[in-house]
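query17.txt (compact mmCIF, C-alpha atoms and all ligand atoms)
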```txt
# COMPACT_ATOMS: atom_id res chain seq x y z
CA MET I 292 53.40 -153.33 330.01
CA GLU I 293 57.24 -153.31 330.36
CA ARG I 294 59.30 -154.43 327.45
CA ASP I 295 62.05 -156.97 327.75
CA MET I 296 65.14 -154.76 327.85
CA ILE I 297 68.34 -155.44 329.78
CA VAL I 298 70.30 -152.32 329.02
CA ARG I 299 68.49 -149.18 330.03
CA PRO I 300 70.83 -146.14 329.96
CA ARG I 301 68.24 -144.07 331.83
CA ARG I 302 68.83 -146.21 334.95
CA LEU I 303 71.95 -144.17 335.74
CA ARG I 304 70.08 -140.90 335.34
CA THR I 305 67.41 -141.62 337.94
CA THR I 306 68.48 -139.27 340.75
CA ALA I 307 70.75 -136.26 341.13
CA ALA I 308 73.05 -138.18 343.51
CA LEU I 309 73.45 -141.00 341.04
CA ARG I 310 74.02 -138.67 338.11
CA LYS I 311 76.75 -136.96 340.08
CA MET I 312 78.30 -140.31 341.03
CA VAL I 313 78.66 -141.42 337.44
CA ARG I 314 79.65 -138.03 336.05
CA GLU I 315 82.54 -138.41 333.60
CA THR I 316 84.01 -134.93 333.69
CA ARG I 317 85.36 -133.46 336.92
CA MET I 318 86.67 -129.94 337.20
CA ASP I 319 88.74 -128.04 339.69
CA LYS I 320 88.96 -124.32 340.35
CA SER I 321 92.74 -124.42 340.26
CA SER I 322 92.54 -124.96 336.51
CA LEU I 323 90.73 -121.67 335.85
CA VAL I 324 92.54 -118.70 334.35
CA TYR I 325 91.06 -115.21 334.43
CA PRO I 326 92.20 -112.90 331.59
CA MET I 327 92.17 -109.19 332.41
CA PHE I 328 93.30 -105.78 331.17
CA VAL I 329 95.61 -103.30 332.88
CA MET I 330 96.15 -99.80 331.58
CA ASP I 331 98.32 -96.78 332.19
CA GLY I 332 96.91 -94.11 334.47
CA GLU I 333 95.69 -93.87 338.05
CA ASN I 334 92.55 -94.74 339.92
CA ILE I 335 90.90 -96.26 336.85
CA LYS I 336 88.30 -98.98 336.76
CA GLU I 337 86.37 -98.53 333.54
CA GLU I 338 83.86 -100.93 332.11
CA ILE I 339 84.50 -102.31 328.64
CA PRO I 340 81.36 -101.43 326.65
CA THR I 341 81.30 -104.62 324.57
CA MET I 342 82.15 -106.82 327.59
CA PRO I 343 79.71 -105.79 330.34
CA GLY I 344 81.03 -106.79 333.76
CA GLN I 345 84.67 -106.66 332.59
CA TYR I 346 86.89 -103.67 333.33
CA ARG I 347 90.19 -102.06 332.48
CA TYR I 348 92.14 -101.35 335.66
CA SER I 349 95.03 -99.05 336.38
CA VAL I 350 97.85 -100.78 338.26
CA ASP I 351 96.88 -99.17 341.59
CA ARG I 352 93.27 -100.45 341.34
CA MET I 353 94.18 -103.92 339.98
CA PRO I 354 94.61 -105.61 343.40
CA GLU I 355 90.83 -105.29 344.01
CA ILE I 356 90.01 -107.75 341.29
CA LEU I 357 93.05 -109.92 341.99
CA ASN I 358 91.90 -110.36 345.56
CA GLU I 359 88.42 -111.27 344.37
CA MET I 360 89.92 -113.96 342.14
CA ALA I 361 92.18 -115.30 344.89
CA ASP I 362 89.26 -115.37 347.34
CA ALA I 363 87.10 -117.20 344.80
CA GLY I 364 89.83 -119.83 344.40
CA VAL I 365 90.63 -119.07 340.77
CA GLY I 366 94.12 -120.46 340.18
CA SER I 367 95.61 -117.99 337.80
CA VAL I 368 95.35 -114.61 336.11
CA MET I 369 96.56 -113.62 332.66
CA LEU I 370 97.43 -109.96 332.17
CA PHE I 371 97.05 -107.86 329.03
CA GLY I 372 98.63 -104.41 329.02
CA ILE I 373 97.19 -101.34 327.35
CA PRO I 374 99.91 -98.67 327.08
CA ALA I 375 99.24 -94.93 327.05
CA LYS I 376 101.31 -94.60 323.89
CA LYS I 377 101.48 -97.04 321.01
CA ASP I 378 104.14 -96.88 318.31
CA GLU I 379 105.15 -98.69 315.15
CA TYR I 380 107.54 -101.01 317.02
CA GLY I 381 105.31 -101.69 320.01
CA SER I 382 108.16 -100.55 322.23
CA GLN I 383 106.05 -100.42 325.38
CA ALA I 384 105.58 -104.18 325.10
CA TYR I 385 109.21 -104.87 326.00
CA ALA I 386 110.04 -101.80 328.11
CA CYS I 387 111.26 -102.88 331.55
CA ASP I 388 108.89 -100.31 333.05
CA GLY I 389 106.07 -100.96 330.55
CA ILE I 390 102.49 -101.19 331.74
CA VAL I 391 102.32 -104.97 331.97
CA GLN I 392 105.76 -105.27 333.57
CA ARG I 393 104.70 -102.80 336.29
CA ALA I 394 101.45 -104.71 336.69
CA PHE I 395 103.28 -108.02 337.25
CA ALA I 396 105.57 -106.47 339.83
CA LYS I 397 102.62 -105.00 341.74
CA ALA I 398 100.48 -108.13 341.43
CA LYS I 399 103.21 -110.46 342.73
CA LYS I 400 103.84 -108.18 345.67
CA GLU I 401 100.23 -107.49 346.65
CA VAL I 402 98.51 -110.77 345.79
CA PRO I 403 101.26 -113.40 345.74
CA ASP I 404 98.95 -116.41 345.98
CA LEU I 405 97.80 -116.24 342.36
CA TYR I 406 99.78 -117.69 339.48
CA TYR I 407 100.53 -115.03 336.86
CA ILE I 408 100.65 -115.55 333.11
CA GLY I 409 101.88 -113.00 330.57
CA ASP I 410 100.33 -112.76 327.11
CA VAL I 411 103.25 -112.29 324.75
CA CYS I 412 102.16 -110.33 321.68
CA MET I 413 102.53 -106.89 320.16
CA CYS I 414 99.06 -105.95 318.90
CA GLU I 415 98.03 -104.04 322.03
CA TYR I 416 101.23 -102.02 321.75
CA THR I 417 101.64 -101.25 318.05
CA SER I 418 100.09 -98.16 316.44
CA HIS I 419 99.00 -100.29 313.47
CA GLY I 420 97.46 -103.00 315.67
CA HIS I 421 99.28 -105.91 314.05
CA CYS I 422 100.97 -108.59 316.13
CA GLY I 423 104.52 -107.86 314.97
CA ILE I 424 106.95 -105.58 313.18
CA LEU I 425 105.81 -104.48 309.73
CA LYS I 426 107.77 -104.52 306.53
CA GLY I 427 105.49 -102.65 304.19
CA GLU I 428 102.10 -104.13 304.98
CA TYR I 429 103.43 -107.59 305.84
CA VAL I 430 104.26 -108.66 309.37
CA ASP I 431 107.93 -109.65 309.22
CA ASN I 432 108.28 -112.95 311.01
CA ASP I 433 111.95 -113.04 311.92
CA LEU I 434 112.26 -109.38 312.92
CA THR I 435 109.31 -109.94 315.24
CA LEU I 436 110.90 -112.96 316.95
CA ASP I 437 113.58 -110.86 318.68
CA LYS I 438 110.93 -108.52 320.04
CA LEU I 439 108.76 -111.38 321.30
CA ALA I 440 111.75 -112.82 323.10
CA GLU I 441 112.36 -109.47 324.77
CA ILE I 442 108.70 -109.19 325.79
CA ALA I 443 108.82 -112.63 327.40
CA VAL I 444 112.06 -111.99 329.28
CA THR I 445 110.96 -108.59 330.61
CA GLN I 446 107.60 -109.98 331.73
CA VAL I 447 109.22 -112.84 333.63
CA GLN I 448 111.88 -110.58 335.13
CA ALA I 449 109.06 -108.32 336.34
CA GLY I 450 107.23 -111.23 338.01
CA ALA I 451 105.26 -113.31 335.48
CA ASP I 452 105.29 -117.02 336.38
CA MET I 453 104.57 -118.23 332.85
CA VAL I 454 104.48 -116.73 329.37
CA ALA I 455 101.87 -117.36 326.70
CA PRO I 456 102.83 -116.24 323.18
CA SER I 457 99.74 -115.41 321.09
CA ASP I 458 101.45 -113.83 318.08
CA MET I 459 101.39 -116.86 315.72
CA MET I 460 104.86 -116.18 314.29
CA ASP I 461 106.81 -119.18 313.03
CA GLY I 462 109.64 -120.25 315.33
CA HIS I 463 108.37 -118.13 318.25
CA ILE I 464 108.51 -120.84 320.88
CA GLN I 465 112.12 -121.67 320.14
CA ALA I 466 113.09 -118.00 320.09
CA ILE I 467 111.39 -117.37 323.43
CA ARG I 468 112.74 -120.56 325.05
CA GLU I 469 116.29 -119.67 324.03
CA ALA I 470 115.95 -116.13 325.34
CA LEU I 471 114.47 -117.27 328.66
CA ASP I 472 117.19 -119.88 329.13
CA HIS I 473 119.91 -117.43 328.14
CA ASN I 474 118.67 -115.24 330.99
CA GLY I 475 118.68 -118.12 333.45
CA LEU I 476 114.88 -118.47 333.40
CA PHE I 477 114.96 -122.23 332.81
CA THR I 478 112.02 -123.00 335.04
CA THR I 479 109.54 -120.63 333.40
CA PRO I 480 107.01 -122.62 331.38
CA ILE I 481 105.67 -121.55 327.99
CA MET I 482 101.99 -121.99 327.19
CA SER I 483 101.70 -121.62 323.43
CA TYR I 484 98.58 -120.29 321.78
CA ALA I 485 99.62 -122.77 319.10
CA VAL I 486 96.20 -123.44 317.68
CA LYS I 487 94.94 -119.92 317.20
CA TYR I 488 92.48 -119.13 314.47
CA ALA I 489 91.77 -115.82 312.72
CA SER I 490 88.43 -115.32 314.44
CA ALA I 491 85.66 -112.74 314.56
CA PHE I 492 85.13 -113.87 318.16
CA TYR I 493 88.04 -111.58 319.19
CA GLY I 494 86.04 -108.45 318.33
CA PRO I 495 85.23 -107.25 321.87
CA PHE I 496 88.84 -107.87 323.01
CA ARG I 497 90.07 -105.56 320.28
CA ASP I 498 87.66 -102.89 321.49
CA ALA I 499 88.94 -103.40 325.01
CA ALA I 500 92.60 -103.13 324.03
CA GLY I 501 92.24 -100.76 321.09
CA SER I 502 94.12 -103.37 319.08
CA ALA I 503 92.06 -103.83 315.92
CA PRO I 504 94.41 -103.79 312.93
CA ALA I 505 94.49 -100.37 311.26
CA PHE I 506 94.47 -102.06 307.85
CA GLY I 507 93.97 -105.59 306.59
CA ASP I 508 93.41 -108.52 308.92
CA ARG I 509 95.41 -111.18 310.78
CA LYS I 510 94.94 -113.94 308.24
CA SER I 511 98.58 -113.98 307.16
CA TYR I 512 99.54 -115.26 310.61
CA GLN I 513 96.44 -116.60 312.42
CA MET I 514 94.92 -119.77 310.99
CA ASP I 515 92.03 -120.28 308.60
CA TYR I 516 89.12 -121.76 310.56
CA HIS I 517 88.41 -124.29 307.83
CA ASN I 518 91.60 -126.16 308.77
CA ARG I 519 92.12 -129.08 311.12
CA ARG I 520 95.37 -130.63 310.05
CA GLU I 521 97.08 -127.27 310.10
CA GLY I 522 96.11 -126.92 313.76
CA MET I 523 97.72 -130.25 314.53
CA LYS I 524 100.84 -129.18 312.62
CA GLU I 525 101.11 -125.99 314.69
CA ALA I 526 100.63 -127.89 317.94
CA LEU I 527 103.25 -130.53 317.16
CA LEU I 528 105.72 -127.92 315.92
CA ASP I 529 105.38 -125.82 319.05
CA ILE I 530 105.84 -128.87 321.27
CA GLU I 531 109.01 -129.68 319.35
CA GLU I 532 110.20 -126.11 319.91
CA GLY I 533 109.66 -126.46 323.64
CA ALA I 534 106.08 -125.48 324.40
CA ASP I 535 105.05 -126.93 327.78
CA ILE I 536 101.31 -126.39 327.32
CA ILE I 537 99.25 -126.07 324.14
CA MET I 538 96.27 -123.77 323.84
CA VAL I 539 93.35 -123.83 321.43
CA LYS I 540 91.62 -120.51 320.79
CA PRO I 541 88.73 -119.69 320.60
CA ALA I 542 87.17 -122.47 322.70
CA MET I 543 83.50 -123.00 322.00
CA SER I 544 83.53 -123.56 318.24
CA TYR I 545 86.92 -125.28 318.28
CA LEU I 546 86.56 -128.14 320.75
CA ASP I 547 87.20 -130.71 318.02
CA MET I 548 90.77 -129.38 317.97
CA VAL I 549 91.07 -129.76 321.74
CA ARG I 550 90.09 -133.41 321.60
CA GLU I 551 92.21 -134.22 318.59
CA ILE I 552 95.38 -132.64 319.95
CA LYS I 553 94.77 -134.05 323.41
CA ASP I 554 94.64 -137.57 321.95
CA ALA I 555 97.77 -137.03 319.86
CA THR I 556 100.07 -135.37 322.40
CA ASP I 557 101.15 -135.65 326.02
CA VAL I 558 101.16 -132.01 327.11
CA PRO I 559 98.47 -130.26 329.15
CA MET I 560 95.78 -128.65 327.01
CA ALA I 561 94.32 -125.21 327.49
CA ALA I 562 91.40 -123.51 325.76
CA TYR I 563 90.56 -119.82 325.79
CA SER I 564 86.89 -118.91 325.84
CA VAL I 565 87.37 -115.55 324.17
CA SER I 566 85.75 -112.14 324.40
CA GLY I 567 83.14 -112.79 321.71
CA GLU I 568 81.94 -115.90 323.52
CA TYR I 569 81.58 -113.87 326.71
CA ALA I 570 79.84 -111.01 324.91
CA MET I 571 77.32 -113.33 323.24
CA VAL I 572 76.35 -114.89 326.55
CA LYS I 573 75.99 -111.49 328.19
CA ALA I 574 73.96 -110.05 325.33
CA GLY I 575 71.70 -113.09 325.03
CA ALA I 576 71.07 -113.10 328.76
CA LYS I 577 70.33 -109.37 328.83
CA LEU I 578 67.69 -109.86 326.15
CA GLY I 579 66.23 -112.71 328.15
CA TYR I 580 66.91 -115.19 325.35
CA ILE I 581 69.19 -117.51 327.33
CA ASP I 582 69.94 -118.35 330.96
CA GLU I 583 73.41 -116.87 331.59
CA THR I 584 74.43 -119.15 334.44
CA ALA I 585 73.23 -122.32 332.77
CA VAL I 586 74.98 -121.44 329.52
CA LEU I 587 78.33 -120.40 330.98
CA CYS I 588 78.42 -123.59 333.06
CA GLU I 589 77.61 -125.72 330.03
CA MET I 590 80.25 -124.02 327.89
CA ALA I 591 82.93 -124.67 330.51
CA ALA I 592 81.96 -128.26 331.30
CA CYS I 593 81.90 -129.11 327.59
CA ALA I 594 85.41 -127.71 327.13
CA TYR I 595 86.65 -129.95 329.96
CA ARG I 596 84.75 -132.87 328.45
CA ALA I 597 86.57 -132.21 325.17
CA GLY I 598 89.87 -132.60 327.01
CA VAL I 599 90.82 -129.23 328.40
CA ASP I 600 93.03 -129.22 331.52
CA ILE I 601 93.18 -125.43 331.80
CA TYR I 602 90.23 -123.17 330.99
CA MET I 603 90.65 -119.46 330.39
CA SER I 604 87.45 -117.48 330.77
CA TYR I 605 86.17 -114.03 331.65
CA PHE I 606 83.63 -116.00 333.72
CA ALA I 607 86.38 -117.57 335.87
CA LYS I 608 85.07 -116.14 339.15
CA GLU I 609 81.50 -117.24 338.41
CA LEU I 610 82.73 -120.70 337.42
CA ALA I 611 84.70 -121.03 340.66
CA TYR I 612 81.54 -120.16 342.56
CA TYR I 613 79.38 -122.65 340.65
CA MET I 614 82.01 -125.36 341.18
CA ASP I 615 81.87 -124.67 344.93
CA GLU I 616 78.09 -124.85 344.81
CA GLY I 617 78.31 -128.20 343.05
CA ARG I 618 76.35 -126.92 340.08
CA ILE I 619 79.16 -128.12 337.81
CA GLY I 620 82.34 -130.07 338.43
C1 LIG A 1 96.72 -110.92 321.21
C2 LIG A 1 95.50 -111.58 321.70
C3 LIG A 1 94.18 -111.45 321.24
C4 LIG A 1 93.41 -112.21 322.10
C5 LIG A 1 94.25 -112.78 323.03
N1 LIG A 1 95.54 -112.39 322.75
C6 LIG A 1 93.63 -110.64 320.13
C7 LIG A 1 93.86 -111.03 318.73
O1 LIG A 1 94.57 -111.96 318.40
O2 LIG A 1 93.32 -110.27 317.89
C8 LIG A 1 91.92 -112.33 322.03
C9 LIG A 1 91.27 -112.74 323.31
C10 LIG A 1 89.80 -112.52 323.36
O3 LIG A 1 89.13 -112.26 322.34
O4 LIG A 1 89.26 -112.64 324.47
N2 LIG A 1 97.13 -111.29 319.94
```
Show me this structure written as structure tokens.
Amino acid sequence: MERDMIVRPRRLRTTAALRKMVRETRMDKSSLVYPMFVMDGENIKEEIPTMPGQYRYSVDRMPEILNEMADAGVGSVMLFGIPAKKDEYGSQAYACDGIVQRAFAKAKKEVPDLYYIGDVCMCEYTSHGHCGILKGEYVDNDLTLDKLAEIAVTQVQAGADMVAPSDMMDGHIQAIREALDHNGLFTTPIMSYAVKYASAFYGPFRDAAGSAPAFGDRKSYQMDYHNRREGMKEALLDIEEGADIIMVKPAMSYLDMVREIKDATDVPMAAYSVSGEYAMVKAGAKLGYIDETAVLCEMAACAYRAGVDIYMSYFAKELAYYMDEGRIG
């Protein structure tokens, strides 16, 4: 016997076609960014043990994966460089012929259809693994700013279309904007990792890049994950300094920050689904505990639902494929 009920939310969930028609979140492949690692050497494609399915490439082998991304319709690639030699000042980060600069030059020439983003930081390049120049055991903010500016300028001069500072130094966006403009690079956008937390989810990335800090941790520059208002403060400050896009990182456990900043600002929002998120999905799937495809699709769609315009993920190629298939999007 049917009850007397006018509003029945299940009505709009009756068939797949209808569910798709009323879907609130729509995604597009052009908003996907694939982060990847390039290293010194030749003819190298080596798997990262804690990130199965992800590889470090030498510059000569890198076009293989770039072409795969372009063919899949992924919009953009972010490059991380792993130099043969690291030193106290991270000098290979801002060398004109550094690993990532050479990678940008090659990538732009061989696979020009992709949009290239440079991660601006020092931790992959310093012998101590910290994200800036040390004074004693403290990362010196203002000394580091000059180096970050040099990293950004050399990356763009080599071919990067956009720079993304992930160092969490104060005043970094202004320093980088001024340096870019001073070099005539007015049209290069800055995507700030403004809302970046000190997170254990970066573990596999640090294995991949050999960038775990040799002592201490990153808590004197990356944010405490208990904090919300501080994230908003960082976002607003970076926008004031000239950030064109704001990123929240990690993604999965931090989507409250995406929504909150999206509502409070008028810049595009990015979120980075980091190495630990990828590794958990891979490990869980390998053990047969979760369905890899279903979970990676859900993680991405929920980030877009939270307000993300740009999604950075090691699953970018898979996501592009599932968007084509109509499984998500
Ligand atoms: C550089 C940087 C890191 C990541 C992106 N840029 C490492 C860190 O801050 O320790 C992590 C990305 C990932 O875990 O996938 N500072």
Q.
Neighbouring residues of I:Asp362 were defined as those with any atom within 10 Å, considering only C-alpha atoms; residues of the same chain fewer than 6 positions away were excluded. Please report them as a list in words.
A.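 Final neighbour list, sorted by chain and number: Ile356, Asp404, Leu405, Lys608 and Ala611 of chain I.
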Q: Could you please determine the separation between atom CA of I:Gln448 and atom CA of I:Cys387 in Å, to one decimal place?
A: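 So the answer is 8.5 Å.
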**Q.** Counting only C-alpha atoms, the option among I:Met413, I:Cys588, I:Ile552, I:Ala455 closest to I:Ser502
**A.** I:Met413
Q. Which chains and residue numbers are within 7 Å of ligand LIG 1 (chain A), counting all atoms listed in the file, if I want them as a PyMOL selection string?
A. chain I and resi 410+412-414+422+457-458+492-497+503+564-567
Q. What is the distance, in Å and to one decimal place, between atom CA of I:Thr445 and atom CA of I:Met369?
A.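 Computing it gives 15.4 Å between the two atoms.
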Q: Just give me the residues with any atom within 12 Å of (105.3, -102.0, 330.1), file coordinates, counting only C-alpha atoms, written as number ranges by chain.
A: I: 329-331, 350, 370-377, 381-396, 409, 411, 413, 415-416, 441-443, 445-446, 448-449
Q: Measuring atom to atom with only C-alpha atoms, identify which of I:Gly332, I:Pro340, I:Gly620, I:Pro354 is nearest to I:Arg596.
A: I:Gly620
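Note that the spacing between atom CA of I:Ile537 and atom CA of I:Leu323 amounts to 15.1 Å.
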Q: Pick out the closest residue to I:Asp600 from this set: I:Ala500, I:Ala470, I:Ala576, I:Ala562. Count only C-alpha atoms.
A: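 Closest residue, counting only C-alpha atoms: I:Ala562.
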(Q) Please determine, counting only C-alpha atoms, which residue among I:Ala561, I:Ile619, I:Asp547, I:Lys553 has the shortest atom-to-atom distance to I:Arg314. (A)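 Among the listed residues, the smallest separation from I:Arg314 belongs to I:Ile619.
Minimum atom-to-atom distances from I:Arg520, I:Arg301, I:Lys487, I:Arg509 to I:Val539 were compared using only C-alpha atoms, and the lowest value belongs to I:Lys487.
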Within 10 Å of stretch 425-438 of chain I, which residues of stretch 501-555 of chain I come that close, and what is the closest atom pair and distance in Å for each? Count all atoms listed in the file and give it as a tab-separated table.
```
residue	atom	partner	partner_atom	distance
I:Phe506	CA	I:Glu428	CA	8.4
I:Gly507	CA	I:Glu428	CA	8.4
I:Arg509	CA	I:Val430	CA	9.3
I:Ser511	CA	I:Val430	CA	8.1
I:Tyr512	CA	I:Val430	CA	8.2
```
Take the residues from that selection and put them in a file with C-alpha atoms, as a compact mmCIF listing (two decimals), in the frame of the given file.
```txt
# COMPACT_ATOMS: atom_id res chain seq x y z
CA PHE I 506 94.47 -102.06 307.85
CA GLY I 507 93.97 -105.59 306.59
CA ARG I 509 95.41 -111.18 310.78
CA SER I 511 98.58 -113.98 307.16
CA TYR I 512 99.54 -115.26 310.61
```
Q: Find the residues around I:Glu333 up to 7 Å (only C-alpha atoms counted), leave out those fewer than 2 positions away in its own chain, and share them as a count of residues only.
A: 3
Q) Which of these residues is nearest to I:Ile424, using only C-alpha atoms: I:Ala555, I:Glu401, I:Asp378, I:Val447? A) I:Asp378
Q: Write out as a list of chain:residue names which residues come within 12 Å of I:Arg304 when counting all atoms listed in the file, dropping same-chain ones fewer than 6 positions away.
A: I:Arg310, I:Lys311, I:Met312, I:Val313, I:Arg314
Q | Test item: residues at most 12 Å from I:Phe477, all atoms listed in the file, excluding those fewer than 6 positions along its chain, as a PyMOL selection string | A | chain I and resi 444+447+452-453+467-471+533
Q: List every protein, DNA or RNA residue that has an atom no more than 12 Å from (75.7, -117.9, 323.3) in the file's coordinate frame, counting all atoms listed in the file, and report them as a PyMOL selection string.
A: chain I and resi 492+543-544+564-590
Deliver the residues from the most recent selection as a file, using C-alpha atoms, as an mmCIF file, keeping the file's coordinate frame.
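Printed below is part28.cif as written:
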```cif
data_model
loop_
_atom_site.group_PDB
_atom_site.id
_atom_site.type_symbol
_atom_site.label_atom_id
_atom_site.label_comp_id
_atom_site.auth_asym_id
_atom_site.auth_seq_id
_atom_site.Cartn_x
_atom_site.Cartn_y
_atom_site.Cartn_z
ATOM 1 C CA PHE I 492 85.130 -113.870 318.160
ATOM 2 C CA MET I 543 83.500 -123.000 322.000
ATOM 3 C CA SER I 544 83.530 -123.560 318.240
ATOM 4 C CA SER I 564 86.890 -118.910 325.840
ATOM 5 C CA VAL I 565 87.370 -115.550 324.170
ATOM 6 C CA SER I 566 85.750 -112.140 324.400
ATOM 7 C CA GLY I 567 83.140 -112.790 321.710
ATOM 8 C CA GLU I 568 81.940 -115.900 323.520
ATOM 9 C CA TYR I 569 81.580 -113.870 326.710
ATOM 10 C CA ALA I 570 79.840 -111.010 324.910
ATOM 11 C CA MET I 571 77.320 -113.330 323.240
ATOM 12 C CA VAL I 572 76.350 -114.890 326.550
ATOM 13 C CA LYS I 573 75.990 -111.490 328.190
ATOM 14 C CA ALA I 574 73.960 -110.050 325.330
ATOM 15 C CA GLY I 575 71.700 -113.090 325.030
ATOM 16 C CA ALA I 576 71.070 -113.100 328.760
ATOM 17 C CA LYS I 577 70.330 -109.370 328.830
ATOM 18 C CA LEU I 578 67.690 -109.860 326.150
ATOM 19 C CA GLY I 579 66.230 -112.710 328.150
ATOM 20 C CA TYR I 580 66.910 -115.190 325.350
ATOM 21 C CA ILE I 581 69.190 -117.510 327.330
ATOM 22 C CA ASP I 582 69.940 -118.350 330.960
ATOM 23 C CA GLU I 583 73.410 -116.870 331.590
ATOM 24 C CA THR I 584 74.430 -119.150 334.440
ATOM 25 C CA ALA I 585 73.230 -122.320 332.770
ATOM 26 C CA VAL I 586 74.980 -121.440 329.520
ATOM 27 C CA LEU I 587 78.330 -120.400 330.980
ATOM 28 C CA CYS I 588 78.420 -123.590 333.060
ATOM 29 C CA GLU I 589 77.610 -125.720 330.030
ATOM 30 C CA MET I 590 80.250 -124.020 327.890
#
```
How would stretch 571-583 of chain I look written as a PDB file, in the first residue's frame with N, CA and C atoms?
```pdb
ATOM      1  N   MET I 571      47.980   4.139  -1.733  1.00  0.00           N
ATOM      2  CA  MET I 571      46.958   3.424  -0.955  1.00  0.00           C
ATOM      3  C   MET I 571      45.979   2.705  -1.872  1.00  0.00           C
ATOM      4  N   VAL I 572      45.592   3.379  -2.938  1.00  0.00           N
ATOM      5  CA  VAL I 572      44.651   2.758  -3.879  1.00  0.00           C
ATOM      6  C   VAL I 572      45.294   1.525  -4.517  1.00  0.00           C
ATOM      7  N   LYS I 573      46.542   1.699  -4.943  1.00  0.00           N
ATOM      8  CA  LYS I 573      47.255   0.593  -5.592  1.00  0.00           C
ATOM      9  C   LYS I 573      47.416  -0.592  -4.638  1.00  0.00           C
ATOM     10  N   ALA I 574      47.813  -0.289  -3.407  1.00  0.00           N
ATOM     11  CA  ALA I 574      48.062  -1.362  -2.445  1.00  0.00           C
ATOM     12  C   ALA I 574      46.758  -2.071  -2.081  1.00  0.00           C
ATOM     13  N   GLY I 575      45.721  -1.286  -1.837  1.00  0.00           N
ATOM     14  CA  GLY I 575      44.426  -1.874  -1.484  1.00  0.00           C
ATOM     15  C   GLY I 575      43.882  -2.750  -2.600  1.00  0.00           C
ATOM     16  N   ALA I 576      44.079  -2.283  -3.838  1.00  0.00           N
ATOM     17  CA  ALA I 576      43.573  -3.042  -4.983  1.00  0.00           C
ATOM     18  C   ALA I 576      44.362  -4.329  -5.162  1.00  0.00           C
ATOM     19  N   LYS I 577      45.667  -4.237  -4.958  1.00  0.00           N
ATOM     20  CA  LYS I 577      46.525  -5.424  -5.113  1.00  0.00           C
ATOM     21  C   LYS I 577      46.135  -6.510  -4.108  1.00  0.00           C
ATOM     22  N   LEU I 578      45.767  -6.086  -2.930  1.00  0.00           N
ATOM     23  CA  LEU I 578      45.345  -7.047  -1.897  1.00  0.00           C
ATOM     24  C   LEU I 578      43.921  -7.553  -2.126  1.00  0.00           C
ATOM     25  N   GLY I 579      43.246  -6.930  -3.094  1.00  0.00           N
ATOM     26  CA  GLY I 579      41.872  -7.337  -3.355  1.00  0.00           C
ATOM     27  C   GLY I 579      40.870  -6.735  -2.377  1.00  0.00           C
ATOM     28  N   TYR I 580      41.300  -5.723  -1.629  1.00  0.00           N
ATOM     29  CA  TYR I 580      40.398  -5.129  -0.635  1.00  0.00           C
ATOM     30  C   TYR I 580      39.467  -4.084  -1.237  1.00  0.00           C
ATOM     31  N   ILE I 581      39.912  -3.423  -2.299  1.00  0.00           N
ATOM     32  CA  ILE I 581      39.056  -2.402  -2.924  1.00  0.00           C
ATOM     33  C   ILE I 581      39.115  -2.558  -4.442  1.00  0.00           C
ATOM     34  N   ASP I 582      38.164  -1.954  -5.108  1.00  0.00           N
ATOM     35  CA  ASP I 582      38.096  -1.957  -6.569  1.00  0.00           C
ATOM     36  C   ASP I 582      38.810  -0.696  -7.057  1.00  0.00           C
ATOM     37  N   GLU I 583      39.999  -0.876  -7.653  1.00  0.00           N
ATOM     38  CA  GLU I 583      40.838   0.267  -8.025  1.00  0.00           C
ATOM     39  C   GLU I 583      40.106   1.292  -8.899  1.00  0.00           C
TER      40      GLU I 583
END
```
